[in-house]
Amino acid sequence: MFLVTANEMQRMDQSTIESFGIPGRVLMENAGRGATAFFLEAIYGLHNGPVGIMAGRGNNGGDGFVMARYLHQKGIAVTVFLLAPKQHITGDAAANLNLLDAVGVPVIEITDEDAFVQQQMAMRHQHIWIDAILGTGLKSDVRGFFRTAIDFINQQNRPVFAVDIPSGLNADTGQVCGTCIQATATATFGFAKVGHLSYPGRTLTGRLKVIEIGIPPHVATDVGCRQHLITPGTLKRQFARRSATAHKGQTGHLMVLAGSPGKTGAAAMAAMSAMRVGAGLVTLGVPFSLNPVLETMVTEAMTVPLAESDQGGLDESAIETLLSHFEGKRCLAVGPGIGTAPSTGRLLSRLIQASPVPLVIDADGLNLIAEDSDILSKRQSPIVLTPHPGEMARLSGQSTADIQSDRIGHARSFAKQYGVVVVLKGAGTIIAQPDGMVFINPTGNPGMAAGGMGDVLTGIIAGLVCQGLSIEDAAQSGVYLHGLAADRMARIKAPVGYLATDVMDTLPEALEQMLNGEDHGPWLDTDPLFYSMD
C-alpha cells in the first residue's frame, strides 16, 4: 500500500488535472464530500453541537469550505473562522468560499492576533472543531497566529477532525513543526502520507481514513512513489504452504554466531526464534567455554564450540572452523550478545568479506561495524542490518536525535550508500532497501520495550531467509511477524510485562495469522490508528 510524500502527492494532483482533464475544483469537491461523510461517522455521530472550521487560505482551507457547505445542507450549525482576509483567497478555494456566502454559512475573518483574541468568545462556543488550517506542504515551524490558532484548538479539549493532515505535522517525516493539532480523526485524500504513519505523527493523526477523490491508481506508480505500508495481504504472497512431504533438509539450515559471558540468553533466543518461524535446522556457534551452557539451553539446535579470546568472546582464529561449517547453510546471523572485543570485531570483518550466504547482523555486531562501516562495501553476500536508533546513530556518525528526526531519510540514505537492507527498529519500524524503497511496519506495541526483543527479531529474519525468502522479503515479513506476535501477547497477557521469550513462543500462531492474511486484530482497538480505504 503506497504512502506518499507531499511532493509526490502534489505531482499526482497535477498529473490528474493535466493528463486526465479532471479539474482541480472537482478534486476539491470530492475531497470535501468524502471528508464530510467520514466526519459524520467518526465524530458527529458521537458528539453533537455546533461545528467550528478553522481554515487557512490555501486548498486545505478550500476543502474545509466544501465541508462547511455539506454540513450546512444537513442542518448542522457550522461557522468558518478564516485566518486570512477573504480577498486573499484565490483559485478553487475562492470559488468554494463564495458559495458559502450564497448559502448563508457564517464566515468570520481573522486577520491578525488581535482579531483572534476578539473572536475567542465565539470560538469557545464550538463543540467540535474541523482543522483546515495547513496542508501537507508545511516544512518549517508554524508561527504567528496560525500557531495561536492550533494551540487554542488543542486547549479546548474538544473533538478535532483534521482535513488531509493535522496542521503542523510534517507530511514526509511525521515530525511536529513547532506545534501540531491533536486530531481525533483525519480524512486524507488519494493516499495516506508518510507522516500519518510515522511517529509521532501516528499518535497525532487519530483515526485515519483515505478518501478516494478521483486520482487514477496507477498515477502513484508513474510518479515513482517509494514508500509503502506493510500489509498482511502483501506478505501472504511471499509465502507458500509447506508441502506434505517437506523435511528439515528442505526448510533451511541457519548458522548463528552469538553469545559471550553474561549474554548466553541472546544467543539462545536468536537460535530458537529461527526455529519458531520454521527454519529446519539451526547451528549455534558460541565461545568454547559457553558451549556446555548453550547445549542445555537450546535442546533443538546444534552447537559448535569456537575459539575464544581472553575477554571470553569469539576470537578471530575461529574463522577457519566457521568457514568449514558453511556447507549446507543458507544464512548467517551474527551479533546477539557477541560482545565488542577487538578480536571479535576482526572475526566479523573477515566473515563479511568471506561469507557465501546472506548475513543478518544485529546488536554487538552493529557496534563492531560502526568502527569501520566501509567494511560493508567489501561484502561478498547480501546483508541485513537491524539497528535501534542508537546503533543507527553510531553506524552513520550522527546523534540519536538526528536519526529520530528523519528515520526514513537516514535509513534510506545508509541502505543506498552501502547496498544493504536496513531495519531501523522502533515504533513504526522502517525497512529501507538499497534501491531506495522504504516500508513502514504497522504492528507492535510499547510492551516490546524490553530486553531480548531484538535477538528474537534477528532469529526471525534469518529463519525466513533460510526458507527461501529474499533478504528484502524476509526483513518485511520478519518485522511484521515480530510485531504481530507481540500484539498477540499484549492481548493474551497484558500490554506491558510480557517477555521476549513470550513473543518467541507465540510466533507459530502469529505466522499462521499472517499467512491467512488476517489484519492486526481487535487487541489494537486502543491504538488510535484506523487505516482504511473509502
# chains A, B, ... in the order shown; residues from 1 in each chain; ligands from 1
call {"tool": "residues_around", "arguments": {"residues": "Thr303 of chain A", "least_positions_apart": "5", "cutoff": "10 Å", "atoms": "only C-alpha atoms", "output": "list in words"}}
result
Met255, Val256, Leu257, Val282, Thr283, Leu284, Gly285, Val286, Asn291, Pro292, Leu294, Glu295 and Val298 of chain A
call {"tool": "select_by_dssp", "arguments": {"residues": "segment 54-144 of chain A", "states": "strand (DSSP E)", "output": "JSON, numbers by chain"}}
result
{"A": [54, 55, 78, 79, 80, 81, 82, 107, 108, 109, 128, 129, 130, 131, 132]}
call {"tool": "write_last_selection", "arguments": {"atoms": "C-alpha atoms", "output": "PDB file, in the first residue's frame"}}
result
ATOM      1  CA  MET A  54     -10.627  26.851  11.360  1.00  0.00           C
ATOM      2  CA  ALA A  55      -9.496  27.493   7.787  1.00  0.00           C
ATOM      3  CA  VAL A  78     -21.340  25.447  11.301  1.00  0.00           C
ATOM      4  CA  THR A  79     -19.144  28.549  11.398  1.00  0.00           C
ATOM      5  CA  VAL A  80     -15.973  29.146   9.400  1.00  0.00           C
ATOM      6  CA  PHE A  81     -13.171  31.081  11.107  1.00  0.00           C
ATOM      7  CA  LEU A  82     -10.988  32.226   8.223  1.00  0.00           C
ATOM      8  CA  VAL A 107     -17.576  33.223   7.729  1.00  0.00           C
ATOM      9  CA  ILE A 108     -15.606  35.222  10.314  1.00  0.00           C
ATOM     10  CA  GLU A 109     -12.365  36.778   9.094  1.00  0.00           C
ATOM     11  CA  ILE A 128     -16.428  20.283  17.585  1.00  0.00           C
ATOM     12  CA  TRP A 129     -13.528  21.597  15.516  1.00  0.00           C
ATOM     13  CA  ILE A 130     -12.543  20.902  11.939  1.00  0.00           C
ATOM     14  CA  ASP A 131      -8.897  21.713  11.278  1.00  0.00           C
ATOM     15  CA  ALA A 132      -8.424  23.056   7.727  1.00  0.00           C
TER      16      ALA A 132
END
call {"tool": "residues_around", "arguments": {"residues": "Asn59 of chain A", "least_positions_apart": "5", "cutoff": "10 Å", "atoms": "only C-alpha atoms", "output": "ChimeraX atom specification"}}
result
/A:24-25,28,64-65,89-94,132-135
call {"tool": "closest_residue", "arguments": {"among": "A:Gly104, A:Gly252, A:Gly21, A:Gly49", "to": "Gln73 of chain A", "atoms": "only C-alpha atoms"}}
result
A:Gly104
call {"tool": "residues_around", "arguments": {"residues": "Asn170 of chain A", "least_positions_apart": "2", "cutoff": "8 Å", "atoms": "only C-alpha atoms", "output": "MDAnalysis selection string"}}
result
chainID A and resid 136:139 168 172:177 195
